[in-house]
Amino acid sequence: MKKVYFVLTVILLGGVFLYLYPQHPNNKLNFQITLTPTPYTRPYFSKTDIPMPPKVPSAHAATLIYLENGDLLTAFFGGSREGARDVKIYGSIYDVKKHKWSQPFIMLTKEELSQKSHQYIKKLGNPVLYRDKNKIYLFVTGTNIGGWATSKIYQLYMYNFIPNKNFTYQGTLQLSPFLNISNLVRSIPVKTNDGGFYLPIYHELADKYALILKFDSSGKLTSIIKPNGLHRQLQPSLSPISDSSCLVVFRNHDRYDNTMFSQICLKGGERWLKPEMTNIKNYNNSANLINFNKDIYLIHNTLDLNPNLERGTLTLSKMMSPTEFKKIFDLDHTTSPNGEVSYPTTITDGDNIDIVYTYNRKNIRHIRFNRSYLKARQ
């Protein structure tokens, strides 16, 4: 009888993928890389704190996109603490000409999401933005009961973004025919040449593992990929290497001697090579990859400036091979005894790299530097 219960538990909680969708997308699918950098200009580097909402003492897990005019839009969750019922999703816009962030505005509340989804929403977290022309998607993690292990992913969208305008609810991602819980989003999507995109997510309850979701040009989920059988791997970050191949790294949740794994995909995600250990240590920290003019960079935490804080230093490294990364320079660090510089999200327009990240859980910080600055540091 115990074996029967065990099998049922695995089916209900562990088998969250592949019940409605094919495992692999069409093998003609390619990644879309359309960066066209301008000639080198003067080196530029800036580090700015994004304004916080009044009387909101904590912020975390920022996401970032470019708007059609080149300005930046960030979203993050803020409240009294992570998981608190007063948490809301806030946004702010960066004027690239004035180099200034706007005062934050509310993008989504749990009450609004509850009304639109017709579900009880206990708390919100981990927003992810994605822009396709004039359409902006907002994916957000929400829970109905309990903690993050019972979470679901909700999908919303808006045309022609306007601050303080409400997003349209598209649906709850259905990733299992059973409980459909314990799925979380964190990393930004990657565009594909069919007008759709890949969204990296992860599952936490029965085990901790990565999933890659494929959406079509209308934002409809069409396939689910489980790229490997590794255990306790969270928050995958995906970046194209070429138009048909990609690299993925994972947050290591206290397993495999705290070593970060990388994995290569081929044929637009149809084939996945065996994951391999890299030379990077990962102490349960979120990291992300970025393709910057055909070079791959990793933004991650190190112990370089404060060996006592696993999230005390944020570092930029360059990929020398899929398993070897070379440190370029440290982006930021904290001197607070319990502080952190963590959860980076990184995007590029071909000329600039923009990074938003959590600073001491009190606010979101933004770093911007251009190709000339990076060239001078290498």
# chains A, B, ... in the order shown; residues from 1 in each chain; ligands from 1
>>> residues_around(residues="A:Leu138", least_positions_apart="6", cutoff="7 Å", atoms="only C-alpha atoms", output="PyMOL selection string")
chain A and resi 127-130+155-157
>>> residues_around(residues="A:Pro104", least_positions_apart="6", cutoff="6 Å", atoms="only C-alpha atoms", output="VMD selection string")
chain A and resid 53 91 to 92
>>> select_by_dssp(residues="stretch 115-222 of chain A", states="strand (DSSP E)", output="PyMOL selection string")
chain A and resi 123-132+135-143+151-159+168-172+183-185+190-191+197-203+209-215+221-222
>>> closest_residue(among="A:Val249, A:Leu374, A:Ala61, A:Ile355", to="A:Thr48", atoms="only C-alpha atoms")
A:Ile355
>>> residues_around(residues="A:Leu314", least_positions_apart="2", cutoff="9 Å", atoms="only C-alpha atoms", output="PyMOL selection string")
chain A and resi 299-303+311-312+316+330-333+340-342+344
>>> write_last_selection(atoms="N, CA and C atoms", output="PDB file, in the first residue's frame")
ATOM      1  N   ILE A 299      26.164  36.891 -14.998  1.00  0.00           N
ATOM      2  CA  ILE A 299      26.051  37.812 -13.867  1.00  0.00           C
ATOM      3  C   ILE A 299      25.667  36.951 -12.672  1.00  0.00           C
ATOM      4  N   HIS A 300      26.498  36.944 -11.645  1.00  0.00           N
ATOM      5  CA  HIS A 300      26.333  35.959 -10.569  1.00  0.00           C
ATOM      6  C   HIS A 300      26.971  36.452  -9.283  1.00  0.00           C
ATOM      7  N   ASN A 301      26.657  35.775  -8.188  1.00  0.00           N
ATOM      8  CA  ASN A 301      27.239  36.095  -6.888  1.00  0.00           C
ATOM      9  C   ASN A 301      28.551  35.341  -6.685  1.00  0.00           C
ATOM     10  N   THR A 302      29.491  36.017  -6.006  1.00  0.00           N
ATOM     11  CA  THR A 302      30.756  35.394  -5.623  1.00  0.00           C
ATOM     12  C   THR A 302      31.082  35.773  -4.187  1.00  0.00           C
ATOM     13  N   LEU A 303      32.136  35.143  -3.669  1.00  0.00           N
ATOM     14  CA  LEU A 303      32.620  35.464  -2.321  1.00  0.00           C
ATOM     15  C   LEU A 303      33.850  36.360  -2.383  1.00  0.00           C
ATOM     16  N   ARG A 311      25.860  36.112  -0.775  1.00  0.00           N
ATOM     17  CA  ARG A 311      25.253  37.041  -1.721  1.00  0.00           C
ATOM     18  C   ARG A 311      25.823  38.446  -1.548  1.00  0.00           C
ATOM     19  N   GLY A 312      27.061  38.521  -1.099  1.00  0.00           N
ATOM     20  CA  GLY A 312      27.650  39.817  -0.777  1.00  0.00           C
ATOM     21  C   GLY A 312      28.286  40.544  -1.932  1.00  0.00           C
ATOM     22  N   LEU A 316      30.545  40.103 -12.805  1.00  0.00           N
ATOM     23  CA  LEU A 316      30.369  39.859 -14.226  1.00  0.00           C
ATOM     24  C   LEU A 316      31.513  38.975 -14.711  1.00  0.00           C
ATOM     25  N   ASP A 330      33.948  43.026 -10.596  1.00  0.00           N
ATOM     26  CA  ASP A 330      32.843  43.009  -9.638  1.00  0.00           C
ATOM     27  C   ASP A 330      31.943  44.203  -9.907  1.00  0.00           C
ATOM     28  N   LEU A 331      30.659  43.936  -9.981  1.00  0.00           N
ATOM     29  CA  LEU A 331      29.679  44.977 -10.267  1.00  0.00           C
ATOM     30  C   LEU A 331      29.308  45.783  -9.032  1.00  0.00           C
ATOM     31  N   ASP A 332      29.118  45.089  -7.911  1.00  0.00           N
ATOM     32  CA  ASP A 332      28.676  45.754  -6.688  1.00  0.00           C
ATOM     33  C   ASP A 332      28.893  44.806  -5.517  1.00  0.00           C
ATOM     34  N   HIS A 333      28.877  45.364  -4.320  1.00  0.00           N
ATOM     35  CA  HIS A 333      28.954  44.540  -3.121  1.00  0.00           C
ATOM     36  C   HIS A 333      28.283  45.283  -1.976  1.00  0.00           C
ATOM     37  N   GLU A 340      22.760  41.822   1.059  1.00  0.00           N
ATOM     38  CA  GLU A 340      22.904  41.052  -0.168  1.00  0.00           C
ATOM     39  C   GLU A 340      22.774  41.946  -1.392  1.00  0.00           C
ATOM     40  N   VAL A 341      23.492  41.575  -2.437  1.00  0.00           N
ATOM     41  CA  VAL A 341      23.297  42.113  -3.780  1.00  0.00           C
ATOM     42  C   VAL A 341      22.960  40.893  -4.630  1.00  0.00           C
ATOM     43  N   SER A 342      21.698  40.744  -4.973  1.00  0.00           N
ATOM     44  CA  SER A 342      21.245  39.439  -5.455  1.00  0.00           C
ATOM     45  C   SER A 342      20.136  39.566  -6.487  1.00  0.00           C
ATOM     46  N   PRO A 344      19.881  39.204  -9.908  1.00  0.00           N
ATOM     47  CA  PRO A 344      20.022  40.110 -11.054  1.00  0.00           C
ATOM     48  C   PRO A 344      19.112  39.714 -12.214  1.00  0.00           C
TER      49      PRO A 344
END
>>> closest_residue(among="A:Pro54, A:Gly78, A:Pro39, A:Gly268", to="A:Val190", atoms="only C-alpha atoms")
A:Gly268
>>> decode(residues="stretch 105-117 of chain A", atoms="N, CA and C atoms", output="mmCIF file, in the first residue's frame")
data_model
loop_
_atom_site.group_PDB
_atom_site.id
_atom_site.type_symbol
_atom_site.label_atom_id
_atom_site.label_comp_id
_atom_site.auth_asym_id
_atom_site.auth_seq_id
_atom_site.Cartn_x
_atom_site.Cartn_y
_atom_site.Cartn_z
ATOM 1 N N PHE A 105 5.076 53.077 -9.318
ATOM 2 C CA PHE A 105 3.622 53.011 -9.403
ATOM 3 C C PHE A 105 3.203 51.551 -9.262
ATOM 4 N N ILE A 106 1.980 51.330 -8.840
ATOM 5 C CA ILE A 106 1.482 49.965 -8.642
ATOM 6 C C ILE A 106 1.118 49.357 -9.985
ATOM 7 N N MET A 107 1.626 48.157 -10.249
ATOM 8 C CA MET A 107 1.307 47.440 -11.472
ATOM 9 C C MET A 107 0.274 46.340 -11.233
ATOM 10 N N LEU A 108 0.315 45.722 -10.048
ATOM 11 C CA LEU A 108 -0.613 44.629 -9.774
ATOM 12 C C LEU A 108 -0.697 44.392 -8.272
ATOM 13 N N THR A 109 -1.910 44.133 -7.793
ATOM 14 C CA THR A 109 -2.126 43.759 -6.404
ATOM 15 C C THR A 109 -2.739 42.368 -6.354
ATOM 16 N N LYS A 110 -2.643 41.736 -5.199
ATOM 17 C CA LYS A 110 -3.244 40.401 -5.066
ATOM 18 C C LYS A 110 -4.763 40.482 -5.157
ATOM 19 N N GLU A 111 -5.345 41.593 -4.728
ATOM 20 C CA GLU A 111 -6.792 41.756 -4.829
ATOM 21 C C GLU A 111 -7.230 41.842 -6.295
ATOM 22 N N GLU A 112 -6.465 42.587 -7.099
ATOM 23 C CA GLU A 112 -6.786 42.703 -8.521
ATOM 24 C C GLU A 112 -6.640 41.362 -9.227
ATOM 25 N N LEU A 113 -5.537 40.654 -8.946
ATOM 26 C CA LEU A 113 -5.325 39.350 -9.568
ATOM 27 C C LEU A 113 -6.389 38.351 -9.133
ATOM 28 N N SER A 114 -6.795 38.417 -7.893
ATOM 29 C CA SER A 114 -7.852 37.531 -7.400
ATOM 30 C C SER A 114 -9.162 37.776 -8.130
ATOM 31 N N GLN A 115 -9.487 39.039 -8.338
ATOM 32 C CA GLN A 115 -10.725 39.390 -9.031
ATOM 33 C C GLN A 115 -10.692 38.930 -10.485
ATOM 34 N N LYS A 116 -9.549 39.115 -11.146
ATOM 35 C CA LYS A 116 -9.453 38.778 -12.562
ATOM 36 C C LYS A 116 -9.367 37.274 -12.802
ATOM 37 N N SER A 117 -8.715 36.556 -11.897
ATOM 38 C CA SER A 117 -8.522 35.119 -12.083
ATOM 39 C C SER A 117 -9.635 34.287 -11.459
#
